[in-house]
Amino acid sequence: MGKALVAYFSVGQETAKVAKMVAGVEHADLFEIVPSVPYKPGDMEWLSKTSRVTIEQKDYFCRPKMAVPLANAGDYDTIFFGFPIWMFDAPKIVYTFLESFSLQGKTLVPFATSGGSGRRETEKKLQEYFRDKPVKLLPLFELNGMSRQDVFDWHKKLVF
């Protein structure tokens with residue numbers, strides 16, 4: 001597998017908690033994807049057409065800025081990237097992260113948490129996004145409420 005990184009975006013603590021477990025199981029470095037403009041509670045109003053999340057998620061080309069970019073992406077062969085599913089997709093800042101360095105030759109392992117948005121639609125969007133990119137994309141795995149043992153069992157099933 002080579003050297004691994006677990007990068008994650010989390011507004012609450014669920015995705016952060018899972019990412020830390022994945023990093024521990026993988027013996028991987030950990031990197032938090034932090035937006036340059038933090039999300040406030042009002043930004044998260046999914047049903048409002050004018051909320052920040054709704055506006056960003058409906059704009060395919062939206063790429064919110066990161067507070068700090070990943071400086072050493074070339075050091076990693078495998079990148080696990082975790083996020084909450086927002087409106088059946090990864091948050092747009094996750095795409096900002098993925099576009100901030102060369103992905104060529106990397107193995108990408110997406111994992112997500114979700115309060116209700118579907119994993120299948122999100123996985124389809126990721127597959128389409130990576131279709132013409134020189135990466136190995138593993139299937140998206142939803143890790144809601146997982147224990148460390150659950151994460152370990154998931155890891156054992158991964159085929160790099």
# chains A, B, ... in the order shown; residues from 1 in each chain; ligands from 1
>>> residues_around(residues="A:Ala67", least_positions_apart="5", cutoff="6 Å", atoms="only C-alpha atoms", output="list in words")
Val34, Pro35 and Ser36 of chain A
>>> residues_around(residues="A:Ser114", least_positions_apart="3", cutoff="10 Å", atoms="only C-alpha atoms", output="ChimeraX atom specification")
/A:14-15,83-88,117-119,142-145
>>> select_by_dssp(residues="chain A", states="strand (DSSP E)", output="list in words")
Ala4, Leu5, Val6, Ala7, Tyr8, Asp29, Leu30, Phe31, Glu32, Thr78, Ile79, Phe80, Phe81, Gly82, Phe83, Pro84, Thr107, Leu108, Val109, Pro110, Phe111, Ala112, Thr113, Lys136, Leu137, Phe141 and Glu142 of chain A
>>> select_by_dssp(residues="chain A", states="helix (DSSP H, G or I)", output="tab-separated table (two decimals) with N, CA, C and O atoms, in the first residue's frame")
chain	number	residue	atom	x	y	z
A	14	GLU	N	-18.68	13.76	13.82
A	14	GLU	CA	-18.82	12.36	13.40
A	14	GLU	C	-17.75	11.96	12.38
A	14	GLU	O	-17.07	10.94	12.55
A	15	THR	N	-17.59	12.72	11.31
A	15	THR	CA	-16.59	12.37	10.30
A	15	THR	C	-15.18	12.46	10.87
A	15	THR	O	-14.34	11.61	10.57
A	16	ALA	N	-14.92	13.45	11.71
A	16	ALA	CA	-13.60	13.58	12.35
A	16	ALA	C	-13.30	12.35	13.20
A	16	ALA	O	-12.19	11.80	13.16
A	17	LYS	N	-14.28	11.90	13.96
A	17	LYS	CA	-14.10	10.73	14.82
A	17	LYS	C	-13.77	9.50	13.99
A	17	LYS	O	-12.83	8.75	14.31
A	18	VAL	N	-14.51	9.28	12.92
A	18	VAL	CA	-14.28	8.13	12.05
A	18	VAL	C	-12.91	8.25	11.38
A	18	VAL	O	-12.16	7.27	11.30
A	19	ALA	N	-12.55	9.43	10.91
A	19	ALA	CA	-11.26	9.63	10.24
A	19	ALA	C	-10.10	9.29	11.18
A	19	ALA	O	-9.11	8.67	10.77
A	20	LYS	N	-10.22	9.67	12.42
A	20	LYS	CA	-9.16	9.36	13.40
A	20	LYS	C	-9.05	7.85	13.62
A	20	LYS	O	-7.94	7.32	13.76
A	21	MET	N	-10.18	7.15	13.62
A	21	MET	CA	-10.13	5.69	13.74
A	21	MET	C	-9.47	5.07	12.51
A	21	MET	O	-8.65	4.16	12.63
A	22	VAL	N	-9.84	5.56	11.31
A	22	VAL	CA	-9.23	5.04	10.08
A	22	VAL	C	-7.72	5.28	10.10
A	22	VAL	O	-6.94	4.37	9.80
A	23	ALA	N	-7.31	6.47	10.50
A	23	ALA	CA	-5.87	6.77	10.55
A	23	ALA	C	-5.16	5.83	11.53
A	23	ALA	O	-4.04	5.37	11.25
A	24	GLY	N	-5.78	5.53	12.64
A	24	GLY	CA	-5.17	4.61	13.61
A	24	GLY	C	-5.05	3.21	13.06
A	24	GLY	O	-4.00	2.57	13.19
A	25	VAL	N	-6.09	2.72	12.42
A	25	VAL	CA	-6.08	1.37	11.86
A	25	VAL	C	-5.08	1.29	10.70
A	25	VAL	O	-4.37	0.30	10.55
A	26	GLU	N	-5.01	2.33	9.91
A	26	GLU	CA	-4.12	2.35	8.73
A	26	GLU	C	-2.68	2.75	9.06
A	26	GLU	O	-1.82	2.68	8.19
A	41	PRO	N	-23.70	27.69	11.78
A	41	PRO	CA	-24.96	26.93	11.81
A	41	PRO	C	-25.96	27.34	10.73
A	41	PRO	O	-26.57	26.48	10.11
A	42	GLY	N	-26.12	28.62	10.45
A	42	GLY	CA	-27.06	29.06	9.43
A	42	GLY	C	-26.67	28.64	8.03
A	42	GLY	O	-27.52	28.53	7.14
A	43	ASP	N	-25.39	28.37	7.81
A	43	ASP	CA	-24.91	27.91	6.51
A	43	ASP	C	-25.40	26.51	6.17
A	43	ASP	O	-25.36	26.10	5.03
A	44	MET	N	-25.82	25.78	7.18
A	44	MET	CA	-26.15	24.37	7.04
A	44	MET	C	-27.65	24.11	6.85
A	44	MET	O	-28.09	22.99	7.00
A	52	ARG	N	-25.64	28.72	2.40
A	52	ARG	CA	-24.32	28.51	1.80
A	52	ARG	C	-24.18	27.09	1.25
A	52	ARG	O	-23.70	26.89	0.12
A	53	VAL	N	-24.58	26.10	2.02
A	53	VAL	CA	-24.44	24.71	1.59
A	53	VAL	C	-25.26	24.44	0.33
A	53	VAL	O	-24.77	23.82	-0.61
A	54	THR	N	-26.48	24.91	0.29
A	54	THR	CA	-27.33	24.70	-0.87
A	54	THR	C	-26.73	25.36	-2.11
A	54	THR	O	-26.65	24.74	-3.18
A	55	ILE	N	-26.28	26.58	-1.97
A	55	ILE	CA	-25.68	27.30	-3.11
A	55	ILE	C	-24.43	26.58	-3.60
A	55	ILE	O	-24.25	26.36	-4.80
A	56	GLU	N	-23.54	26.20	-2.68
A	56	GLU	CA	-22.31	25.51	-3.07
A	56	GLU	C	-22.60	24.16	-3.73
A	56	GLU	O	-22.03	23.85	-4.78
A	57	GLN	N	-23.46	23.36	-3.12
A	57	GLN	CA	-23.70	22.02	-3.62
A	57	GLN	C	-24.41	22.00	-4.97
A	57	GLN	O	-24.24	21.07	-5.75
A	58	LYS	N	-25.18	23.03	-5.27
A	58	LYS	CA	-25.88	23.09	-6.56
A	58	LYS	C	-24.98	23.61	-7.68
A	58	LYS	O	-25.33	23.48	-8.85
A	73	ALA	N	1.67	16.18	-0.56
A	73	ALA	CA	0.84	15.15	-1.18
A	73	ALA	C	1.65	14.11	-1.92
A	73	ALA	O	1.28	12.94	-1.98
A	74	GLY	N	2.78	14.51	-2.48
A	74	GLY	CA	3.63	13.58	-3.22
A	74	GLY	C	4.20	12.46	-2.36
A	74	GLY	O	4.65	11.45	-2.89
A	75	ASP	N	4.15	12.62	-1.06
A	75	ASP	CA	4.68	11.60	-0.15
A	75	ASP	C	3.77	10.38	-0.03
A	75	ASP	O	4.18	9.36	0.52
A	92	LYS	N	-18.25	20.42	-1.58
A	92	LYS	CA	-17.40	20.97	-2.64
A	92	LYS	C	-15.96	21.22	-2.19
A	92	LYS	O	-15.04	21.14	-2.99
A	93	ILE	N	-15.75	21.46	-0.90
A	93	ILE	CA	-14.37	21.67	-0.43
A	93	ILE	C	-13.55	20.39	-0.54
A	93	ILE	O	-12.33	20.44	-0.67
A	94	VAL	N	-14.19	19.24	-0.57
A	94	VAL	CA	-13.46	17.98	-0.78
A	94	VAL	C	-12.89	17.96	-2.19
A	94	VAL	O	-11.76	17.53	-2.41
A	95	TYR	N	-13.65	18.47	-3.15
A	95	TYR	CA	-13.13	18.57	-4.52
A	95	TYR	C	-11.99	19.59	-4.59
A	95	TYR	O	-11.02	19.39	-5.32
A	96	THR	N	-12.09	20.66	-3.81
A	96	THR	CA	-10.99	21.62	-3.73
A	96	THR	C	-9.72	20.90	-3.30
A	96	THR	O	-8.65	21.06	-3.90
A	97	PHE	N	-9.84	20.10	-2.25
A	97	PHE	CA	-8.70	19.33	-1.74
A	97	PHE	C	-8.15	18.41	-2.82
A	97	PHE	O	-6.95	18.39	-3.09
A	98	LEU	N	-9.02	17.64	-3.48
A	98	LEU	CA	-8.57	16.67	-4.48
A	98	LEU	C	-7.94	17.33	-5.70
A	98	LEU	O	-7.12	16.71	-6.38
A	119	ARG	N	-25.70	6.96	-0.20
A	119	ARG	CA	-24.33	6.61	-0.57
A	119	ARG	C	-24.22	6.30	-2.06
A	119	ARG	O	-23.25	6.67	-2.71
A	120	ARG	N	-25.23	5.61	-2.62
A	120	ARG	CA	-25.13	5.18	-4.02
A	120	ARG	C	-25.00	6.36	-4.98
A	120	ARG	O	-24.20	6.34	-5.90
A	121	GLU	N	-25.80	7.39	-4.78
A	121	GLU	CA	-25.74	8.56	-5.65
A	121	GLU	C	-24.39	9.26	-5.50
A	121	GLU	O	-23.78	9.70	-6.48
A	122	THR	N	-23.90	9.34	-4.28
A	122	THR	CA	-22.59	9.96	-4.03
A	122	THR	C	-21.50	9.16	-4.72
A	122	THR	O	-20.61	9.73	-5.36
A	123	GLU	N	-21.56	7.85	-4.61
A	123	GLU	CA	-20.55	7.00	-5.25
A	123	GLU	C	-20.56	7.18	-6.77
A	123	GLU	O	-19.51	7.27	-7.40
A	124	LYS	N	-21.75	7.28	-7.35
A	124	LYS	CA	-21.85	7.51	-8.80
A	124	LYS	C	-21.18	8.83	-9.19
A	124	LYS	O	-20.48	8.92	-10.21
A	125	LYS	N	-21.41	9.86	-8.39
A	125	LYS	CA	-20.81	11.16	-8.69
A	125	LYS	C	-19.28	11.10	-8.60
A	125	LYS	O	-18.57	11.69	-9.43
A	126	LEU	N	-18.76	10.40	-7.60
A	126	LEU	CA	-17.31	10.26	-7.48
A	126	LEU	C	-16.74	9.45	-8.65
A	126	LEU	O	-15.70	9.82	-9.22
A	127	GLN	N	-17.41	8.38	-9.03
A	127	GLN	CA	-16.94	7.58	-10.17
A	127	GLN	C	-16.91	8.41	-11.44
A	127	GLN	O	-15.96	8.34	-12.22
A	128	GLU	N	-17.92	9.22	-11.65
A	128	GLU	CA	-17.95	10.09	-12.84
A	128	GLU	C	-16.83	11.13	-12.77
A	128	GLU	O	-16.14	11.38	-13.76
A	129	TYR	N	-16.63	11.72	-11.61
A	129	TYR	CA	-15.60	12.74	-11.44
A	129	TYR	C	-14.20	12.16	-11.74
A	129	TYR	O	-13.38	12.80	-12.39
A	130	PHE	N	-13.94	10.94	-11.29
A	130	PHE	CA	-12.62	10.34	-11.45
A	130	PHE	C	-12.47	9.50	-12.72
A	130	PHE	O	-11.40	8.96	-12.98
A	148	ARG	N	-14.11	0.98	16.33
A	148	ARG	CA	-12.76	0.73	15.84
A	148	ARG	C	-12.68	-0.66	15.20
A	148	ARG	O	-12.04	-0.85	14.17
A	149	GLN	N	-13.35	-1.64	15.79
A	149	GLN	CA	-13.36	-2.99	15.23
A	149	GLN	C	-14.04	-3.01	13.86
A	149	GLN	O	-13.58	-3.68	12.94
A	150	ASP	N	-15.15	-2.27	13.71
A	150	ASP	CA	-15.82	-2.18	12.41
A	150	ASP	C	-14.90	-1.60	11.35
A	150	ASP	O	-14.84	-2.08	10.22
A	151	VAL	N	-14.15	-0.57	11.73
A	151	VAL	CA	-13.21	0.05	10.80
A	151	VAL	C	-12.10	-0.93	10.45
A	151	VAL	O	-11.70	-1.05	9.29
A	152	PHE	N	-11.63	-1.67	11.43
A	152	PHE	CA	-10.60	-2.68	11.19
A	152	PHE	C	-11.12	-3.76	10.22
A	152	PHE	O	-10.42	-4.16	9.30
A	153	ASP	N	-12.35	-4.21	10.43
A	153	ASP	CA	-12.94	-5.22	9.55
A	153	ASP	C	-13.10	-4.68	8.13
A	153	ASP	O	-12.86	-5.40	7.15
A	154	TRP	N	-13.50	-3.42	7.98
A	154	TRP	CA	-13.60	-2.77	6.66
A	154	TRP	C	-12.23	-2.76	6.00
A	154	TRP	O	-12.08	-3.11	4.83
A	155	HIS	N	-11.22	-2.38	6.76
A	155	HIS	CA	-9.86	-2.30	6.23
A	155	HIS	C	-9.40	-3.66	5.69
A	155	HIS	O	-8.77	-3.73	4.63
A	156	LYS	N	-9.71	-4.72	6.40
A	156	LYS	CA	-9.28	-6.05	5.97
A	156	LYS	C	-9.89	-6.44	4.63
A	156	LYS	O	-9.32	-7.22	3.90
A	157	LYS	N	-11.06	-5.88	4.31
A	157	LYS	CA	-11.75	-6.23	3.06
A	157	LYS	C	-11.27	-5.40	1.88
A	157	LYS	O	-11.58	-5.73	0.73
>>> closest_residue(among="A:Asn72, A:Leu103, A:Val159, A:Ile33", to="A:Ser10", atoms="only C-alpha atoms")
A:Ile33
